[in-house]
Amino acid sequence: MLNRIVLTGRLTRDPELRRTLSDTAVASFSLAVTDGFKDNEGNPTTSFIDVTVFDKQADNVAKFCRKGSLVGVDGRIHQRRFERKDGSKGSLIEVIANQVTFLEPREKEADAAEQGYVSDIQIPTEESKNLDSIDVTDDDLPF
């Protein structure tokens with residue numbers, strides 16, 4: 001049997017981060033996924049899918065993703081069955097993410113620093129994209 005789903009979409013709300021009793025991080029969010037079809041009025045149809053991610057990835061999603069962030073999710077479908085307080089039964093279908101990939105560059109370094117996040121990724125500026133302005137000596141080259 002195969003149970004795998006790959007989605008690309010935007011978060012509809014900020015992720016909610018919780019911890020289990022054993023201190024495992026759990027993040028939940030909803031993903032808006034446009035399915036490529038159009039309704040009778042010509043508007044694209046969108047599905048809203050609940051996603052749960054665990055451990056270190058949950059921490060990263062909570063730190064670096066916000067409502068509107070574009071992400072890729074690779075995971076599996078999971079159905080939870082439950083009984084409500086009134087005795088009626090219900091079920092919920094969600095995606096349990098094995099991997100969440102951030103598909104947009106992080107906000108500017110200043111924004112990340114304001115939020116207390118440290119980044120080891122340098123975001124290129126217009127100045128740094130000009131290769132004519134690089135000063136390199138022959139001693140700096142690895143070959």
# chains A, B, ... in the order shown; residues from 1 in each chain; ligands from 1
call {"tool": "residues_around", "arguments": {"residues": "Ala25 in chain A", "least_positions_apart": "5", "cutoff": "9 Å", "atoms": "only C-alpha atoms", "output": "list in words"}}
result
Leu17, Arg18, Arg19, Thr20, Val53, Phe54, Asp55, Lys56, Gln57, Ala58 and Asp59 of chain A
call {"tool": "residues_around", "arguments": {"residues": "Asp35 in chain A", "least_positions_apart": "6", "cutoff": "9 Å", "atoms": "only C-alpha atoms", "output": "list in words"}}
result
Pro44, Thr45, Thr46 and Ser47 of chain A
call {"tool": "write_last_selection", "arguments": {"atoms": "N, CA and C atoms", "output": "PDB file, in the first residue's frame"}}
result
ATOM      1  N   PRO A  44     -10.311  30.113  -9.890  1.00  0.00           N
ATOM      2  CA  PRO A  44      -9.641  28.861  -9.529  1.00  0.00           C
ATOM      3  C   PRO A  44     -10.208  28.305  -8.220  1.00  0.00           C
ATOM      4  N   THR A  45     -10.302  26.979  -8.123  1.00  0.00           N
ATOM      5  CA  THR A  45     -10.801  26.365  -6.896  1.00  0.00           C
ATOM      6  C   THR A  45      -9.613  26.045  -5.988  1.00  0.00           C
ATOM      7  N   THR A  46      -9.853  26.191  -4.706  1.00  0.00           N
ATOM      8  CA  THR A  46      -8.799  26.006  -3.714  1.00  0.00           C
ATOM      9  C   THR A  46      -9.274  25.052  -2.639  1.00  0.00           C
ATOM     10  N   SER A  47      -8.394  24.162  -2.221  1.00  0.00           N
ATOM     11  CA  SER A  47      -8.659  23.275  -1.093  1.00  0.00           C
ATOM     12  C   SER A  47      -7.852  23.762   0.098  1.00  0.00           C
TER      13      SER A  47
END
call {"tool": "closest_atom_pairs", "arguments": {"of": "range 19-120 of chain A", "to": "range 5-10 of chain A", "cutoff": "8 Å", "atoms": "only C-alpha atoms", "output": "tab-separated table"}}
result
residue	atom	partner	partner_atom	distance
A:Leu31	CA	A:Arg10	CA	5.4
A:Ala32	CA	A:Arg10	CA	5.3
A:Val33	CA	A:Gly9	CA	4.7
A:Thr34	CA	A:Gly9	CA	7.3
A:Lys67	CA	A:Arg10	CA	7.4
A:Gly68	CA	A:Arg10	CA	5.1
A:Ser69	CA	A:Arg10	CA	5.3
A:Leu70	CA	A:Arg10	CA	4.5
A:Val71	CA	A:Gly9	CA	5.8
A:Gly72	CA	A:Thr8	CA	4.4
A:Val73	CA	A:Leu7	CA	5.1
A:Asp74	CA	A:Val6	CA	4.5
A:Gly75	CA	A:Ile5	CA	5.4
A:Arg76	CA	A:Ile5	CA	5.4
A:Ile77	CA	A:Ile5	CA	6.9
A:Val95	CA	A:Ile5	CA	7.9
call {"tool": "write_last_selection", "arguments": {"atoms": "N, CA and C atoms", "output": "tab-separated table (two decimals), in the first residue's frame"}}
result
chain	number	residue	atom	x	y	z
A	31	LEU	N	-3.08	24.69	4.91
A	31	LEU	CA	-2.44	25.01	3.64
A	31	LEU	C	-3.51	25.21	2.56
A	32	ALA	N	-3.46	26.34	1.86
A	32	ALA	CA	-4.36	26.60	0.74
A	32	ALA	C	-3.68	26.12	-0.53
A	33	VAL	N	-4.32	25.15	-1.21
A	33	VAL	CA	-3.75	24.55	-2.40
A	33	VAL	C	-4.72	24.74	-3.56
A	34	THR	N	-4.29	25.44	-4.59
A	34	THR	CA	-5.11	25.61	-5.78
A	34	THR	C	-4.97	24.37	-6.63
A	67	LYS	N	1.54	33.31	8.03
A	67	LYS	CA	0.39	33.30	7.13
A	67	LYS	C	0.85	33.86	5.78
A	68	GLY	N	0.55	33.13	4.70
A	68	GLY	CA	0.94	33.54	3.36
A	68	GLY	C	2.24	32.93	2.86
A	69	SER	N	3.02	32.28	3.74
A	69	SER	CA	4.28	31.65	3.32
A	69	SER	C	4.01	30.53	2.32
A	70	LEU	N	4.83	30.47	1.28
A	70	LEU	CA	4.72	29.41	0.28
A	70	LEU	C	5.61	28.24	0.71
A	71	VAL	N	5.01	27.05	0.86
A	71	VAL	CA	5.76	25.87	1.30
A	71	VAL	C	5.39	24.67	0.45
A	72	GLY	N	6.30	23.71	0.42
A	72	GLY	CA	6.04	22.40	-0.16
A	72	GLY	C	5.95	21.41	0.99
A	73	VAL	N	5.00	20.51	0.93
A	73	VAL	CA	4.81	19.51	1.97
A	73	VAL	C	4.86	18.13	1.34
A	74	ASP	N	5.67	17.26	1.90
A	74	ASP	CA	5.74	15.86	1.50
A	74	ASP	C	5.35	15.05	2.73
A	75	GLY	N	4.30	14.27	2.62
A	75	GLY	CA	3.84	13.55	3.80
A	75	GLY	C	2.87	12.44	3.47
A	76	ARG	N	2.00	12.16	4.43
A	76	ARG	CA	1.02	11.09	4.28
A	76	ARG	C	-0.32	11.55	4.83
A	77	ILE	N	-1.38	10.94	4.32
A	77	ILE	CA	-2.74	11.22	4.78
A	77	ILE	C	-2.98	10.42	6.06
A	95	VAL	N	-2.90	15.92	6.88
A	95	VAL	CA	-1.62	15.47	6.33
A	95	VAL	C	-0.60	15.51	7.46
call {"tool": "atom_distance", "arguments": {"atom1": "CA of Pro15 in chain A", "atom2": "CA of Ala27 in chain A"}}
result
6.1 Å
